[in-house]
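The structure under discussion appears below in the form of structure tokens.
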Amino acid sequence: MGYINNQLGFPNGVLQTRSFVKHGNCALLEPNGWVNNRVPGFDNCDMTILGSPKMGASFVDYVVTMHPNGENTRGFGGGDIETFVFVLEGKIKAYSDKDEHNLDQGGYLYCPAGVTMYLKNDNNGEKSKLFLYKRRYVPLEGYSARVISDNIKNVEIVHYEGMENVHFQSMLPAELGFDMNMHILTFKKGGSHGYIETHVQEHGALITSGRGMYNLDNQWMPVQEGDYIFMGPYNLQVAYQVGEEDFSYIYSKDCHRDIDL
């Protein structure tokens, strides 16, 4: 999953891209346009900030490359911020306050508001790559969230809306204490959504394998492994798989809350 092109220099051809941003509506960011950021607290890490409030999202998504000795010892989240990390490649030690979680590829950790996440590369001198998320938690009286850690290989596969060639996995419980969830949606050969979705929830999605055609705001476009997609509230959205490889992506979704007036 080599998402960032580090081959810098004078271009061989015309500069062009599939990327676009419609603030608050939708966006597609292909990886050859990503840039690295230095984020306080993350040492020996390349940080790419993807979806964010500056794009119109209520959350922040990152792709993180943790080099040997890469770590965050200052802490990520805590207070009223909830966080989530998913290991794309490699192996890390992740901490929910002082509790240690050993995560390899496909492993994940959710820390609710009030619990601080710490991260450390543990991949025998090799780099690790992470999908990282944070959002301000929306409390609901009488309910609360809790620390969740597991690996996607242990998560039940559900036929999405009854379709055998579209698989759906939810990494967090469907409980009112949780105001968001993180999912993986996989389209096998010939798979697609059953209809064009239009809903108030928003998504940030990183494509982890394969190729597809995606309709964003009623415009069809090709997408592939490494692309990042933001889908804002009420954005028209639908996809189908193309090629031989499974088309799969990890994405967030806010849930279980009414709309404030």
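Residues are referred to by chain and number: the chain letter is A, B, ... according to the order shown in the structure tokens, the number counts from 1 in that chain, and ligands are numbered separately from 1 in the order shown.
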| said: Taking only range 26-209 of chain A into account, list the residues labelled strand (DSSP E or B) by DSSP (computed from the backbone), as a ChimeraX atom specification. | reply: /A:26-29,37,42-49,59-78,81-89,91-96,99-104,107-111,116-121,128-136,148-151,158-159,166-170,180-187,192,197,203-209
| How would you write, as a count of residues only, the set of residues in range 45-199 of chain A that DSSP gives as helix (DSSP H, G or I)? | 6
| request: Can you pull out every residue within 7 Å of range 213-221 of chain A, counting only C-alpha atoms, but drop anything in the same chain fewer than 4 positions away, and send it as a PyMOL selection string? | output: chain A and resi 26+235-241
| field | Polymer residues at most 7 Å from range 254-258 of chain A, only C-alpha atoms, same-chain spacing of 2 or more positions, as an NGL selection string | value | :A and (176 or 179-181 or 201-202 or 252 or 260)
Please, could you write that set of residues out with N, CA and C atoms as a PDB file, in the first residue's frame?
```pdb
ATOM      1  N   LEU A 176     -25.832   2.915  21.521  1.00  0.00           N
ATOM      2  CA  LEU A 176     -26.086   4.343  21.567  1.00  0.00           C
ATOM      3  C   LEU A 176     -24.949   5.129  22.213  1.00  0.00           C
ATOM      4  N   ASP A 179     -21.058   7.334  18.982  1.00  0.00           N
ATOM      5  CA  ASP A 179     -21.647   8.285  18.032  1.00  0.00           C
ATOM      6  C   ASP A 179     -21.036   8.174  16.642  1.00  0.00           C
ATOM      7  N   MET A 180     -20.181   7.170  16.442  1.00  0.00           N
ATOM      8  CA  MET A 180     -19.586   6.916  15.124  1.00  0.00           C
ATOM      9  C   MET A 180     -19.228   5.444  15.037  1.00  0.00           C
ATOM     10  N   ASN A 181     -18.958   4.993  13.823  1.00  0.00           N
ATOM     11  CA  ASN A 181     -18.472   3.635  13.619  1.00  0.00           C
ATOM     12  C   ASN A 181     -17.439   3.674  12.504  1.00  0.00           C
ATOM     13  N   GLN A 201     -25.537  11.494   7.132  1.00  0.00           N
ATOM     14  CA  GLN A 201     -24.233  11.105   7.657  1.00  0.00           C
ATOM     15  C   GLN A 201     -23.121  11.427   6.657  1.00  0.00           C
ATOM     16  N   GLU A 202     -21.897  11.608   7.168  1.00  0.00           N
ATOM     17  CA  GLU A 202     -20.741  11.873   6.325  1.00  0.00           C
ATOM     18  C   GLU A 202     -19.722  10.749   6.468  1.00  0.00           C
ATOM     19  N   SER A 252     -15.387   5.882   7.851  1.00  0.00           N
ATOM     20  CA  SER A 252     -16.082   6.272   9.077  1.00  0.00           C
ATOM     21  C   SER A 252     -17.501   6.730   8.754  1.00  0.00           C
ATOM     22  N   ASP A 260     -29.107  18.666  15.924  1.00  0.00           N
ATOM     23  CA  ASP A 260     -29.330  19.841  16.765  1.00  0.00           C
ATOM     24  C   ASP A 260     -29.889  20.983  15.923  1.00  0.00           C
TER      25      ASP A 260
END
```
Listing only residues of range 53-84 of chain A within 9 Å of range 39-48 of chain A, what is the closest atom pair and its distance in Å (to one decimal) for each, using only C-alpha atoms, sorted by chain and residue number ascending, as CSV?
```
residue,atom,partner,partner_atom,distance
A:Asp61,CA,A:Thr48,CA,8.5
A:Tyr62,CA,A:Thr48,CA,5.4
A:Val63,CA,A:Thr48,CA,5.3
A:Val64,CA,A:Met47,CA,4.8
A:Thr65,CA,A:Asp46,CA,5.0
A:Met66,CA,A:Cys45,CA,4.6
A:His67,CA,A:Asn44,CA,5.6
A:Pro68,CA,A:Asn44,CA,7.3
A:Asn69,CA,A:Asn44,CA,6.5
A:Gly70,CA,A:Asn44,CA,4.4
A:Glu71,CA,A:Asp43,CA,5.5
A:Asn72,CA,A:Phe42,CA,4.6
A:Thr73,CA,A:Gly41,CA,6.5
A:Arg74,CA,A:Gly41,CA,5.1
A:Gly75,CA,A:Gly41,CA,6.9
A:Phe76,CA,A:Gly41,CA,7.9
```
Selection above as a file: C-alpha atoms, as a PDB file, in the first residue's frame:
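The result, stored in selection-v3.pdb:
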```
ATOM      1  CA  ASP A  61      -8.399  11.621   8.867  1.00  0.00           C
ATOM      2  CA  TYR A  62      -4.675  10.959   8.489  1.00  0.00           C
ATOM      3  CA  VAL A  63      -2.431   8.452   6.792  1.00  0.00           C
ATOM      4  CA  VAL A  64       0.676   8.042   8.958  1.00  0.00           C
ATOM      5  CA  THR A  65       3.981   6.442   8.025  1.00  0.00           C
ATOM      6  CA  MET A  66       5.814   5.566  11.226  1.00  0.00           C
ATOM      7  CA  HIS A  67       9.515   5.174  10.502  1.00  0.00           C
ATOM      8  CA  PRO A  68      11.837   3.152  12.773  1.00  0.00           C
ATOM      9  CA  ASN A  69      11.540   4.707  16.251  1.00  0.00           C
ATOM     10  CA  GLY A  70       8.374   6.510  15.144  1.00  0.00           C
ATOM     11  CA  GLU A  71       6.064   7.272  18.051  1.00  0.00           C
ATOM     12  CA  ASN A  72       3.626   9.618  19.725  1.00  0.00           C
ATOM     13  CA  THR A  73       4.477   9.922  23.401  1.00  0.00           C
ATOM     14  CA  ARG A  74       2.648  13.243  23.889  1.00  0.00           C
ATOM     15  CA  GLY A  75      -0.717  11.589  23.360  1.00  0.00           C
ATOM     16  CA  PHE A  76      -3.454  11.819  20.728  1.00  0.00           C
TER      17      PHE A  76
END
```
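Proximity to Ile207 in chain A was assessed for A:Ser149, A:Gln169, A:Ser248, A:Thr186 counting only C-alpha atoms; the smallest distance is recorded for A:Ser248.
Nearest to Gly24 in chain A of all the residues A:Phe10, A:Tyr137, A:Phe59, A:Phe178 is A:Phe59, counting only C-alpha atoms.
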